[in-house]
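**Q** Handing over input_26.cif, mmCIF, C-alpha atoms.
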data_structure
loop_
_atom_site.group_PDB
_atom_site.id
_atom_site.type_symbol
_atom_site.label_atom_id
_atom_site.label_comp_id
_atom_site.auth_asym_id
_atom_site.auth_seq_id
_atom_site.Cartn_x
_atom_site.Cartn_y
_atom_site.Cartn_z
ATOM 1 C CA MET A 29 7.740 -19.407 -20.797
ATOM 2 C CA SER A 30 5.282 -21.738 -19.099
ATOM 3 C CA LYS A 31 1.574 -21.498 -19.839
ATOM 4 C CA ARG A 32 0.999 -20.188 -16.298
ATOM 5 C CA ASP A 33 3.616 -17.473 -16.725
ATOM 6 C CA HIS A 34 2.175 -16.557 -20.113
ATOM 7 C CA ILE A 35 -1.304 -16.160 -18.612
ATOM 8 C CA LEU A 36 0.183 -14.040 -15.805
ATOM 9 C CA ALA A 37 1.996 -11.777 -18.272
ATOM 10 C CA VAL A 38 -1.111 -11.270 -20.391
ATOM 11 C CA ALA A 39 -3.308 -10.667 -17.346
ATOM 12 C CA GLU A 40 -0.816 -8.183 -15.879
ATOM 13 C CA SER A 41 -0.703 -6.234 -19.120
ATOM 14 C CA LEU A 42 -4.503 -6.105 -19.402
ATOM 15 C CA PHE A 43 -5.062 -5.243 -15.722
ATOM 16 C CA ASN A 44 -2.417 -2.537 -15.957
ATOM 17 C CA GLN A 45 -3.993 -1.026 -19.055
ATOM 18 C CA PHE A 46 -7.704 -1.328 -18.238
ATOM 19 C CA GLY A 47 -8.090 -2.099 -14.524
ATOM 20 C CA TYR A 48 -9.009 -5.235 -12.641
ATOM 21 C CA THR A 49 -12.790 -5.146 -12.735
ATOM 22 C CA ALA A 50 -12.942 -3.969 -16.365
ATOM 23 C CA VAL A 51 -11.022 -7.009 -17.615
ATOM 24 C CA GLY A 52 -12.948 -10.252 -17.672
ATOM 25 C CA VAL A 53 -11.591 -13.769 -17.683
ATOM 26 C CA ASP A 54 -12.775 -14.207 -21.265
ATOM 27 C CA LYS A 55 -10.627 -11.285 -22.439
ATOM 28 C CA ILE A 56 -7.570 -12.739 -20.686
ATOM 29 C CA ARG A 57 -8.311 -16.181 -22.141
ATOM 30 C CA ASP A 58 -8.653 -14.771 -25.658
ATOM 31 C CA GLU A 59 -5.508 -12.611 -25.451
ATOM 32 C CA ALA A 60 -3.489 -15.472 -23.938
ATOM 33 C CA ALA A 61 -4.917 -17.935 -26.476
ATOM 34 C CA VAL A 62 -5.635 -20.538 -23.806
ATOM 35 C CA SER A 63 -8.767 -22.367 -22.764
ATOM 36 C CA LYS A 64 -10.891 -21.255 -19.833
ATOM 37 C CA THR A 65 -10.254 -24.693 -18.340
ATOM 38 C CA SER A 66 -6.513 -24.075 -18.492
ATOM 39 C CA MET A 67 -6.913 -20.717 -16.774
ATOM 40 C CA TYR A 68 -9.007 -22.173 -13.986
ATOM 41 C CA ARG A 69 -6.642 -25.120 -13.611
ATOM 42 C CA HIS A 70 -3.768 -22.693 -12.975
ATOM 43 C CA PHE A 71 -5.598 -20.062 -10.902
ATOM 44 C CA GLY A 72 -9.019 -21.332 -9.846
ATOM 45 C CA ALA A 73 -10.684 -17.916 -9.895
ATOM 46 C CA LYS A 74 -10.126 -14.419 -11.209
ATOM 47 C CA SER A 75 -9.266 -13.195 -7.708
ATOM 48 C CA ALA A 76 -6.492 -15.795 -7.458
ATOM 49 C CA LEU A 77 -5.172 -14.636 -10.841
ATOM 50 C CA ILE A 78 -5.125 -11.017 -9.641
ATOM 51 C CA GLU A 79 -3.332 -12.087 -6.462
ATOM 52 C CA ALA A 80 -0.730 -13.998 -8.497
ATOM 53 C CA VAL A 81 -0.205 -11.012 -10.815
ATOM 54 C CA LEU A 82 0.336 -8.694 -7.852
ATOM 55 C CA GLN A 83 2.679 -11.141 -6.116
ATOM 56 C CA ALA A 84 4.798 -11.524 -9.262
ATOM 57 C CA ARG A 85 4.901 -7.769 -9.813
ATOM 58 C CA HIS A 86 5.832 -7.200 -6.175
ATOM 59 C CA THR A 87 8.708 -9.662 -6.442
ATOM 60 C CA ARG A 88 10.063 -7.926 -9.553
ATOM 61 C CA PHE A 89 9.721 -4.467 -8.000
ATOM 62 C CA GLU A 90 11.306 -5.501 -4.707
ATOM 63 C CA GLN A 91 14.249 -7.189 -6.418
ATOM 64 C CA GLY A 92 14.823 -4.268 -8.781
ATOM 65 C CA LEU A 93 14.641 -1.638 -6.059
ATOM 66 C CA GLN A 94 16.806 -3.610 -3.651
ATOM 67 C CA GLN A 95 19.407 -4.177 -6.357
ATOM 68 C CA ALA A 96 19.439 -0.441 -7.184
ATOM 69 C CA ILE A 97 19.844 0.482 -3.515
ATOM 70 C CA ASP A 98 22.442 -2.207 -2.752
ATOM 71 C CA ALA A 99 24.670 -0.948 -5.556
ATOM 72 C CA HIS A 100 25.560 2.008 -3.309
ATOM 73 C CA GLN A 101 26.952 2.330 0.212
ATOM 74 C CA ASP A 102 26.320 6.033 0.738
ATOM 75 C CA LYS A 103 22.780 6.898 1.903
ATOM 76 C CA ASP A 104 22.554 9.883 -0.455
ATOM 77 C CA ALA A 105 23.524 7.688 -3.413
ATOM 78 C CA GLN A 106 20.990 5.064 -2.282
ATOM 79 C CA LEU A 107 18.281 7.714 -2.167
ATOM 80 C CA ALA A 108 19.233 8.897 -5.672
ATOM 81 C CA ALA A 109 19.178 5.283 -6.927
ATOM 82 C CA PHE A 110 15.742 4.773 -5.354
ATOM 83 C CA LEU A 111 14.465 7.882 -7.134
ATOM 84 C CA ASP A 112 16.132 6.981 -10.434
ATOM 85 C CA TRP A 113 14.574 3.510 -10.369
ATOM 86 C CA HIS A 114 11.133 5.089 -10.034
ATOM 87 C CA LEU A 115 11.790 7.745 -12.671
ATOM 88 C CA ALA A 116 12.853 5.005 -15.108
ATOM 89 C CA TRP A 117 9.635 3.098 -14.319
ATOM 90 C CA PHE A 118 7.565 6.225 -15.004
ATOM 91 C CA GLU A 119 9.177 6.497 -18.448
ATOM 92 C CA GLN A 120 8.268 2.963 -19.543
ATOM 93 C CA ASP A 121 5.760 2.764 -22.390
ATOM 94 C CA ASP A 122 3.436 0.568 -20.330
ATOM 95 C CA PHE A 123 3.433 2.807 -17.234
ATOM 96 C CA LYS A 124 -0.191 3.354 -16.231
ATOM 97 C CA GLY A 125 0.338 4.143 -12.555
ATOM 98 C CA CYS A 126 0.710 1.866 -9.584
ATOM 99 C CA MET A 127 -1.160 -1.405 -9.921
ATOM 100 C CA PHE A 128 -1.079 -1.754 -6.133
ATOM 101 C CA MET A 129 -2.752 1.640 -5.612
ATOM 102 C CA HIS A 130 -5.295 0.710 -8.263
ATOM 103 C CA ALA A 131 -5.964 -2.636 -6.552
ATOM 104 C CA ILE A 132 -6.637 -0.912 -3.237
ATOM 105 C CA GLY A 133 -8.923 1.547 -5.011
ATOM 106 C CA GLU A 134 -10.905 -1.169 -6.756
ATOM 107 C CA PHE A 135 -11.124 -3.677 -3.898
ATOM 108 C CA LYS A 136 -10.912 -1.718 -0.626
ATOM 109 C CA SER A 137 -14.634 -2.051 0.069
ATOM 110 C CA ASN A 138 -14.180 -5.831 0.131
ATOM 111 C CA THR A 139 -12.857 -6.221 3.682
ATOM 112 C CA ASP A 140 -12.115 -9.904 3.107
ATOM 113 C CA SER A 141 -9.916 -9.212 0.108
ATOM 114 C CA GLN A 142 -6.526 -10.887 -0.058
ATOM 115 C CA ILE A 143 -5.895 -8.567 -3.000
ATOM 116 C CA VAL A 144 -5.939 -5.518 -0.712
ATOM 117 C CA GLU A 145 -3.656 -7.291 1.764
ATOM 118 C CA ILE A 146 -1.121 -8.027 -0.980
ATOM 119 C CA ALA A 147 -1.247 -4.403 -2.149
ATOM 120 C CA LYS A 148 -0.791 -3.097 1.401
ATOM 121 C CA ALA A 149 2.080 -5.526 2.023
ATOM 122 C CA HIS A 150 3.771 -4.198 -1.128
ATOM 123 C CA LYS A 151 3.440 -0.623 0.106
ATOM 124 C CA ASP A 152 4.754 -1.684 3.535
ATOM 125 C CA LYS A 153 7.803 -3.248 1.871
ATOM 126 C CA ILE A 154 8.508 -0.071 -0.113
ATOM 127 C CA TYR A 155 8.129 1.912 3.099
ATOM 128 C CA GLY A 156 10.636 -0.444 4.748
ATOM 129 C CA LEU A 157 13.147 0.137 1.961
ATOM 130 C CA ILE A 158 12.753 3.883 2.407
ATOM 131 C CA GLU A 159 13.162 3.597 6.178
ATOM 132 C CA GLN A 160 16.277 1.482 5.603
ATOM 133 C CA ILE A 161 17.771 4.391 3.636
ATOM 134 C CA VAL A 162 16.633 7.335 5.757
ATOM 135 C CA GLY A 163 16.764 5.681 9.204
ATOM 136 C CA SER A 164 13.664 7.369 10.614
ATOM 137 C CA LYS A 165 9.944 6.554 10.561
ATOM 138 C CA ALA A 166 8.965 10.225 10.445
ATOM 139 C CA VAL A 167 11.233 10.895 7.471
ATOM 140 C CA ALA A 168 10.153 7.632 5.806
ATOM 141 C CA ASP A 169 6.524 8.798 6.108
ATOM 142 C CA ALA A 170 7.374 12.052 4.339
ATOM 143 C CA VAL A 171 9.401 10.327 1.611
ATOM 144 C CA MET A 172 6.656 7.728 1.057
ATOM 145 C CA THR A 173 4.086 10.507 0.711
ATOM 146 C CA LEU A 174 6.275 12.300 -1.823
ATOM 147 C CA LEU A 175 6.825 9.044 -3.741
ATOM 148 C CA GLU A 176 3.099 8.274 -3.900
ATOM 149 C CA GLY A 177 2.507 11.810 -5.157
ATOM 150 C CA LEU A 178 5.159 11.385 -7.834
ATOM 151 C CA ILE A 179 3.515 8.144 -8.966
ATOM 152 C CA VAL A 180 0.150 9.876 -9.339
ATOM 153 C CA ARG A 181 1.704 12.874 -11.104
ATOM 154 C CA ALA A 182 3.522 10.502 -13.457
ATOM 155 C CA GLU A 183 0.149 9.031 -14.441
ATOM 156 C CA PHE A 184 -0.726 12.514 -15.709
ATOM 157 C CA ASP A 185 2.667 12.973 -17.401
ATOM 158 C CA VAL A 186 3.416 15.902 -15.111
ATOM 159 C CA LEU A 187 6.659 15.374 -13.230
ATOM 160 C CA PRO A 188 9.315 17.768 -12.030
ATOM 161 C CA ASP A 189 12.763 17.033 -13.420
ATOM 162 C CA ARG A 190 15.105 14.648 -11.636
ATOM 163 C CA GLU A 191 17.138 17.337 -9.903
ATOM 164 C CA LEU A 192 14.057 18.968 -8.396
ATOM 165 C CA CYS A 193 12.726 15.565 -7.270
ATOM 166 C CA LEU A 194 16.083 14.779 -5.670
ATOM 167 C CA ALA A 195 16.190 18.196 -4.001
ATOM 168 C CA MET A 196 12.710 17.595 -2.571
ATOM 169 C CA LEU A 197 13.781 14.201 -1.206
ATOM 170 C CA ARG A 198 16.953 15.638 0.298
ATOM 171 C CA SER A 199 15.017 18.474 1.915
ATOM 172 C CA LEU A 200 12.874 15.893 3.719
ATOM 173 C CA ILE A 201 15.979 14.186 5.061
ATOM 174 C CA ARG A 202 17.887 17.344 5.958
ATOM 175 C CA PRO A 203 15.224 19.963 6.743
#
Starting from the file, lay out its structure as structure tokens.
**A**
Amino acid sequence: MSKRDHILAVAESLFNQFGYTAVGVDKIRDEAAVSKTSMYRHFGAKSALIEAVLQARHTRFEQGLQQAIDAHQDKDAQLAAFLDWHLAWFEQDDFKGCMFMHAIGEFKSNTDSQIVEIAKAHKDKIYGLIEQIVGSKAVADAVMTLLEGLIVRAEFDVLPDRELCLAMLRSLIRP
């Protein structure tokens, strides 16, 4: 793993666990066991590091979701795969909620924030994947709202079982 990738991995873990504003560059430097000069050489500023973390996470999420969806031809199976991918994410030991939601929450008052734009672009991409499956903007809106609710509920360790989640999704598609 390159030094840049190592710094990104450490920063992502710390931001995920504690939040963006709560984690200082010194903490990342210490945990990554690199010099401050090395960090600034790779990222220039903390905001650029946050942007890089979000971009890398987006790429992983997009690839994983697309791969899960593409493994199926049937729309119902694609929807189930989309749900299962998220349910598996919620079960990971390091799940602390959506880093993109958290980024919007922490930086939305900064209207010049590239961080917010990256987070919104991620959400737009997820919305596009949903619309690709369901074929309707109105239904995609409903599914996206349900998904965001599931993410928040997962943060509190309060989720309905898979079958109920799938039934809720299907009811949005076939009211």
**Q** Could you tell me which of A:Leu194, A:Val51, A:Ala168, A:Leu42 comes closest to Lys153 of chain A if we count all atoms listed in the file?
**A** A:Ala168
**Q** Give as a list in words the residues that the PyMOL selection byres ((chain A and resi 123) around 12) matches when applied to the coordinates above.
**A**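 This file gives the following for the PyMOL selection byres ((chain A and resi 123) around 12): Glu40, Ser41, Phe43, Asn44, Gln45, Phe46, His114, Leu115, Ala116, Trp117, Phe118, Glu119, Gln120, Asp121, Asp122, Lys124, Gly125, Cys126, Met127, Ile179, Val180, Arg181, Ala182, Glu183, Phe184 and Asp185 of chain A.
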**Q** From the set A:Ala170, A:Ala149, A:Leu175, A:Leu187, which residue has the shortest atom-to-atom contact distance to Arg202 of chain A, counting only C-alpha atoms?
**A**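 Residue with the minimum atom-to-atom distance to Arg202 of chain A: A:Ala170.
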**Q** In Å, rounded to a single decimal, give me how far atom CA of Ala131 of chain A is from atom CA of Glu59 of chain A.
**A**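 It comes out at 21.4 Å.
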**Q** For the file shown, report as a PDB file with C-alpha atoms, keeping the file's coordinate frame the outcome of the PyMOL selection byres ((chain A and resi 89) around 12) at residue level.
**A**
ATOM      1  CA  LEU A  82       0.336  -8.694  -7.852  1.00  0.00           C
ATOM      2  CA  GLN A  83       2.679 -11.141  -6.116  1.00  0.00           C
ATOM      3  CA  ALA A  84       4.798 -11.524  -9.262  1.00  0.00           C
ATOM      4  CA  ARG A  85       4.901  -7.769  -9.813  1.00  0.00           C
ATOM      5  CA  HIS A  86       5.832  -7.200  -6.175  1.00  0.00           C
ATOM      6  CA  THR A  87       8.708  -9.662  -6.442  1.00  0.00           C
ATOM      7  CA  ARG A  88      10.063  -7.926  -9.553  1.00  0.00           C
ATOM      8  CA  GLU A  90      11.306  -5.501  -4.707  1.00  0.00           C
ATOM      9  CA  GLN A  91      14.249  -7.189  -6.418  1.00  0.00           C
ATOM     10  CA  GLY A  92      14.823  -4.268  -8.781  1.00  0.00           C
ATOM     11  CA  LEU A  93      14.641  -1.638  -6.059  1.00  0.00           C
ATOM     12  CA  GLN A  94      16.806  -3.610  -3.651  1.00  0.00           C
ATOM     13  CA  GLN A  95      19.407  -4.177  -6.357  1.00  0.00           C
ATOM     14  CA  ALA A  96      19.439  -0.441  -7.184  1.00  0.00           C
ATOM     15  CA  PHE A 110      15.742   4.773  -5.354  1.00  0.00           C
ATOM     16  CA  TRP A 113      14.574   3.510 -10.369  1.00  0.00           C
ATOM     17  CA  HIS A 114      11.133   5.089 -10.034  1.00  0.00           C
ATOM     18  CA  TRP A 117       9.635   3.098 -14.319  1.00  0.00           C
ATOM     19  CA  CYS A 126       0.710   1.866  -9.584  1.00  0.00           C
ATOM     20  CA  MET A 127      -1.160  -1.405  -9.921  1.00  0.00           C
ATOM     21  CA  PHE A 128      -1.079  -1.754  -6.133  1.00  0.00           C
ATOM     22  CA  HIS A 150       3.771  -4.198  -1.128  1.00  0.00           C
ATOM     23  CA  LYS A 151       3.440  -0.623   0.106  1.00  0.00           C
ATOM     24  CA  LYS A 153       7.803  -3.248   1.871  1.00  0.00           C
ATOM     25  CA  ILE A 154       8.508  -0.071  -0.113  1.00  0.00           C
ATOM     26  CA  LEU A 157      13.147   0.137   1.961  1.00  0.00           C
TER      27      LEU A 157
END
**Q** Go through the shown structure with the PyMOL selection byres ((chain A and resi 134) around 10) and write out the matching residues as number ranges by chain.
**A** A: 47-49, 128-133, 135-138, 143-144
**Q** Kindly indicate which residue among A:Ala147, A:Ser199, A:Leu107, A:Gln142 lies nearest to Glu159 of chain A, using all atoms listed in the file for the distances.
**A**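 For Glu159 of chain A, the nearest of the candidates is A:Leu107.
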**Q** Pick from A:Met29, A:Leu200, A:Ala37, A:Ala99: nearest to Asp169 of chain A, with all atoms listed in the file counted?
**A**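 Comparing A:Met29, A:Leu200, A:Ala37, A:Ala99 against Asp169 of chain A, the winner is A:Leu200.
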**Q** First collect every listed atom of segment 168-174 of chain A; then fit an axis-aligned box around them, widen it by 8 Å on each side, and give centre and edge lengths in Å to one decimal, as AutoDock Vina command-line options.
**A**
--center_x 7.1 --center_y 10.0 --center_z 2.1 --size_x 22.1 --size_y 20.7 --size_z 23.9
**Q** Measuring between all atoms listed in the file, which one of A:Asp98, A:Asp33, A:Asp189, A:Glu176 shows the shortest distance to Ile161 of chain A?
**A**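 Answer, going by the shortest atom-to-atom distance: A:Asp98.
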**Q** So how far away is atom CA of Ala166 of chain A from atom CA of Asp104 of chain A, in Å?
**A**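 A separation of 17.4 Å between them.
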**Q** To one decimal place in Å, what is the distance between atom CA of Gly156 of chain A and atom CA of Glu79 of chain A?
**A**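 Atom CA of Gly156 of chain A sits 21.4 Å away from atom CA of Glu79 of chain A.
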